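What follows is a short report on a single structure.
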Amino acid sequence: MLLVDLREAVGNGLAIRPIRTMMNHATTELFIENLKVPVANRIGEEGKGFRYILDGMNAERTLIAAECIGDGRWFVEKATDYAGQRQVFNRPIGQNQGVQFPIARSHIQVEAAKLMCYEAARRFDAGEACGEQANMAKLLAADASWEAANVCLQTHGGFGFAEEYDVERKFRETRLYQVAPISTNMILSYVAEHVLGLPRSY
Ligand SMILES: Cc1cc2nc3c(=O)[nH]c(=O)nc-3n(C[C@H](O)[C@H](O)[C@H](O)COP(=O)(O)OP(=O)(O)OC[C@H]3O[C@@H](n4cnc5c(N)ncnc54)[C@H](O)[C@@H]3O)c2cc1C
């Protein structure tokens with residue numbers, strides 16, 4: 001694993017090309033060709049880099065799970081506030097169970113994902129194996145935040161699509177976590193193969 005000084009590398013073997021995305025996220029493609037890196041920039045032992053990266057990925061998945069939980073809470077809070085205020089036929093829409101229940105379910109899903117996220121973080125901090133918990137936390141939290149986003153948008157009716165409420169923006173942002181930094185399918189594949197012992201599929 002190598003640490004690259006971007007200020008020196010760009011134009012000397014490393015090209016960075018920005019990609020415009022559907023949300024506010026600085027995303028780039030990197031092209032690496034004949035890049036020279038001093039041996040002093042090597043992190044840890046030669047040949048063990050992939051292991052170090054995998055270890056870092058568990059931390060990243062736990063971190064992204066925490067981000068999704070924050071998003072999920074924002075959606076639940078925003079939906080709850082709006083449902084309590086918006087009056088249709090002289091009563092708040094939040095008085096209807098058809099509006100209440102999806103918000104309540106989202107809250108439950110976000111809080112359940114939080115427990116798995118805390119367990120992954122606890123194991124990581126204790127130096128214990130945490131791949132299973134980090135992956136499960138990422139999947140549960142990404143699903144919970146995406147469902148909460150959908151519920152929040154629905155609760156806002158037409159205003160869910162209006163920029164001034166911020167719901168449509170965060171709706172787009174939280175969609176990312178079904179794909180990055182690891183797609184939901186890859187987590188299911190990991191759990192099927194490495195946790196449950198099912199046959200390797202690829
Ligand atoms: C905004 C943004 C920021 C990013 N930031 C970073 C970053 O900082 N660092 C970084 O390294 N990467 C980053 N990525 C890349 C991201 O990690 C990948 O896009 C993601 O892991 C999915 O990989 P892929 O794009 O190659 O999709 P593919 O692997 O091509 O997959 C495409 C689709 O097919 C499905 N699929 C693929 N293989 C299988 C299979 N065997 N079984 C079932 N389904 C399958 C996937 O689930 C996915 O839905 C970023 C991406 C985005 C969009």
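In the structure tokens, the first chain shown is A, the next is B, and so on; residue numbers restart at 1 for each chain, and ligands run from 1 in the order shown.
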
Using only C-alpha atoms and all ligand atoms, which residues of chain A come within 7 Å of ligand 1, and what is the closest atom pair for each, with the distance in Å to one decimal? Give it as a tab-separated table, sorted by chain and residue number.
residue	atom	partner	partner_atom_place_in_ligand_line	distance
A:Thr21	CA	ligand 1	1 (C)	6.6
A:His25	CA	ligand 1	1 (C)	5.8
A:Thr27	CA	ligand 1	3 (C)	5.3
A:Leu176	CA	ligand 1	53 (C)	6.4
A:Val179	CA	ligand 1	20 (C)	5.3
A:Ala180	CA	ligand 1	17 (O)	4.4
A:Pro181	CA	ligand 1	17 (O)	3.8
A:Ile182	CA	ligand 1	21 (O)	4.2
A:Ser183	CA	ligand 1	47 (O)	4.7
A:Thr184	CA	ligand 1	47 (O)	6.0
A:Asn185	CA	ligand 1	47 (O)	4.5
A:Met186	CA	ligand 1	47 (O)	6.0
A:Tyr202	CA	ligand 1	41 (N)	6.3

Just list as number ranges by chain whatever in segment 15-192 of chain A DSSP marks as helix (DSSP H, G or I). A: 39-41, 49-85, 93-95, 97-125, 131-155, 157-161, 163-165, 167-178, 184-192

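Of the residues under consideration (A:Gly56, A:Gly84, A:Gly98, A:Gly160), A:Gly56 shows the shortest atom-to-atom contact distance to Ala134 of chain A when counting only C-alpha atoms.
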
Based on DSSP run over this structure's backbone, return all residues of chain A in strand (DSSP E or B), as a PyMOL selection string. chain A and resi 2+10+14-19+27-32+42+87-88+91-92

Within 7 Å of segment 135-142 of chain A: each segment 14-81 of chain A residue with its shortest pair, only C-alpha atoms, as a Markdown table:
| residue | atom | partner | partner_atom | distance |
| --- | --- | --- | --- | --- |
| A:Arg61 | CA | A:Lys138 | CA | 5.6 |
| A:Thr62 | CA | A:Lys138 | CA | 6.3 |
| A:Ile64 | CA | A:Lys138 | CA | 6.6 |
| A:Ala65 | CA | A:Lys138 | CA | 4.5 |
| A:Cys68 | CA | A:Ala141 | CA | 5.5 |
| A:Ile69 | CA | A:Ala141 | CA | 5.8 |

Store the residues picked out above in a file with N, CA and C atoms, as an mmCIF file, in the first residue's frame.
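Final file, selection.cif:
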data_model
loop_
_atom_site.group_PDB
_atom_site.id
_atom_site.type_symbol
_atom_site.label_atom_id
_atom_site.label_comp_id
_atom_site.auth_asym_id
_atom_site.auth_seq_id
_atom_site.Cartn_x
_atom_site.Cartn_y
_atom_site.Cartn_z
ATOM 1 N N ARG A 61 -17.236 1.011 5.960
ATOM 2 C CA ARG A 61 -18.638 0.543 5.917
ATOM 3 C C ARG A 61 -19.375 0.950 7.198
ATOM 4 N N THR A 62 -18.683 0.869 8.326
ATOM 5 C CA THR A 62 -19.304 1.275 9.594
ATOM 6 C C THR A 62 -19.578 2.775 9.575
ATOM 7 N N ILE A 64 -20.051 4.688 6.899
ATOM 8 C CA ILE A 64 -21.151 4.992 5.968
ATOM 9 C C ILE A 64 -22.490 4.585 6.600
ATOM 10 N N ALA A 65 -22.482 3.483 7.348
ATOM 11 C CA ALA A 65 -23.711 3.079 8.048
ATOM 12 C C ALA A 65 -24.148 4.203 8.983
ATOM 13 N N CYS A 68 -25.700 6.953 7.024
ATOM 14 C CA CYS A 68 -27.072 6.599 6.606
ATOM 15 C C CYS A 68 -28.045 6.726 7.779
ATOM 16 N N ILE A 69 -27.589 6.369 8.966
ATOM 17 C CA ILE A 69 -28.459 6.477 10.141
ATOM 18 C C ILE A 69 -28.781 7.955 10.396
#

So, counting only C-alpha atoms, which residue among A:Ala59, A:Ala162, A:Val88, A:Ala104 is closest to Cys117 of chain A? A:Ala59

Determine the nearest neighbour of Glu173 of chain A from the options A:Ala126, A:Met1, A:Ala66, A:Met23, counting only C-alpha atoms. A:Met23

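You can rank A:Arg73, A:Lys78, A:Arg172, A:His194 by their closest distance to Gly131 of chain A using only C-alpha atoms, and at the top of that list sits A:His194.
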
Residues near Leu35 of chain A, anyone? I mean within 12 Å using only C-alpha atoms, not counting same-chain ones fewer than 3 positions away, as a PyMOL selection string. chain A and resi 2-6+8-15+30-32+38

Keeping C-alpha atoms for every residue in the selection just given, could you write it to a file as a PDB file, in the first residue's frame?
ATOM      1  CA  LEU A   2       1.468   3.328  -1.091  1.00  0.00           C
ATOM      2  CA  LEU A   3       0.847   6.903  -0.020  1.00  0.00           C
ATOM      3  CA  VAL A   4       0.887   9.200  -3.055  1.00  0.00           C
ATOM      4  CA  ASP A   5       1.501  12.945  -2.821  1.00  0.00           C
ATOM      5  CA  LEU A   6      -1.140  14.202  -5.254  1.00  0.00           C
ATOM      6  CA  GLU A   8       3.647  15.826  -7.147  1.00  0.00           C
ATOM      7  CA  ALA A   9       1.884  12.952  -8.898  1.00  0.00           C
ATOM      8  CA  VAL A  10      -0.676  14.832 -10.989  1.00  0.00           C
ATOM      9  CA  GLY A  11       0.814  15.182 -14.466  1.00  0.00           C
ATOM     10  CA  ASN A  12       3.633  12.758 -13.564  1.00  0.00           C
ATOM     11  CA  GLY A  13       1.806   9.446 -13.964  1.00  0.00           C
ATOM     12  CA  LEU A  14      -1.505  10.299 -12.351  1.00  0.00           C
ATOM     13  CA  ALA A  15      -4.453  11.924 -14.128  1.00  0.00           C
ATOM     14  CA  LEU A  30      -8.054   8.259 -11.490  1.00  0.00           C
ATOM     15  CA  PHE A  31      -5.734   7.062 -14.249  1.00  0.00           C
ATOM     16  CA  ILE A  32      -2.380   5.740 -13.051  1.00  0.00           C
ATOM     17  CA  PRO A  38       9.440   6.521  -3.288  1.00  0.00           C
TER      18      PRO A  38
END

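Each of A:Val195, A:Trp146, A:Met22, A:Gly157 was compared to Ser106 of chain A using only C-alpha atoms, and A:Trp146 turns out to be the nearest.
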
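Shortest atom-to-atom contact with Pro92 of chain A among A:Glu60, A:Ala40, A:Gly47, A:Thr80: A:Thr80, counting only C-alpha atoms.
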
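Near segment 199-201 of chain A, within 12 Å and counting only C-alpha atoms, sit Met186, Leu188, Ser189, Tyr190, Val191, Ala192, Glu193, His194, Val195 and Leu196 of chain A, not including residues fewer than 3 positions from it in the same chain.
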
Test item: residues at most 9 Å from Lys170 of chain A, only C-alpha atoms, excluding those fewer than 4 positions along its chain, as a short mmCIF file (atom, residue, chain, number, x, y, z; two decimals) with N, CA, C and O atoms, in the first residue's frame:
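selection.cif was written with the following content:
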data_model
loop_
_atom_site.label_atom_id
_atom_site.label_comp_id
_atom_site.auth_asym_id
_atom_site.auth_seq_id
_atom_site.Cartn_x
_atom_site.Cartn_y
_atom_site.Cartn_z
N MET A 23 -25.71 14.12 -7.54
CA MET A 23 -25.80 14.82 -6.25
C MET A 23 -24.49 15.55 -5.98
O MET A 23 -23.52 15.41 -6.72
N ASP A 71 -28.83 10.29 8.08
CA ASP A 71 -29.78 10.64 7.02
C ASP A 71 -31.18 10.15 7.39
O ASP A 71 -32.17 10.88 7.27
N PHE A 75 -34.71 12.25 7.80
CA PHE A 75 -35.94 12.02 7.03
C PHE A 75 -37.12 11.78 7.97
O PHE A 75 -38.22 12.29 7.74
N ALA A 149 -36.23 7.94 3.20
CA ALA A 149 -36.24 9.00 2.20
C ALA A 149 -37.53 8.93 1.38
O ALA A 149 -38.18 9.95 1.13
N ASP A 166 -35.62 20.65 0.70
CA ASP A 166 -34.38 19.85 0.79
C ASP A 166 -34.60 18.34 0.71
O ASP A 166 -33.64 17.57 0.69
N THR A 174 -29.03 10.04 -0.63
CA THR A 174 -29.00 8.79 0.13
C THR A 174 -29.18 7.56 -0.79
O THR A 174 -28.86 6.44 -0.39
N ARG A 175 -29.61 7.79 -2.02
CA ARG A 175 -29.71 6.69 -2.99
C ARG A 175 -28.34 6.08 -3.30
O ARG A 175 -28.22 4.90 -3.62
#
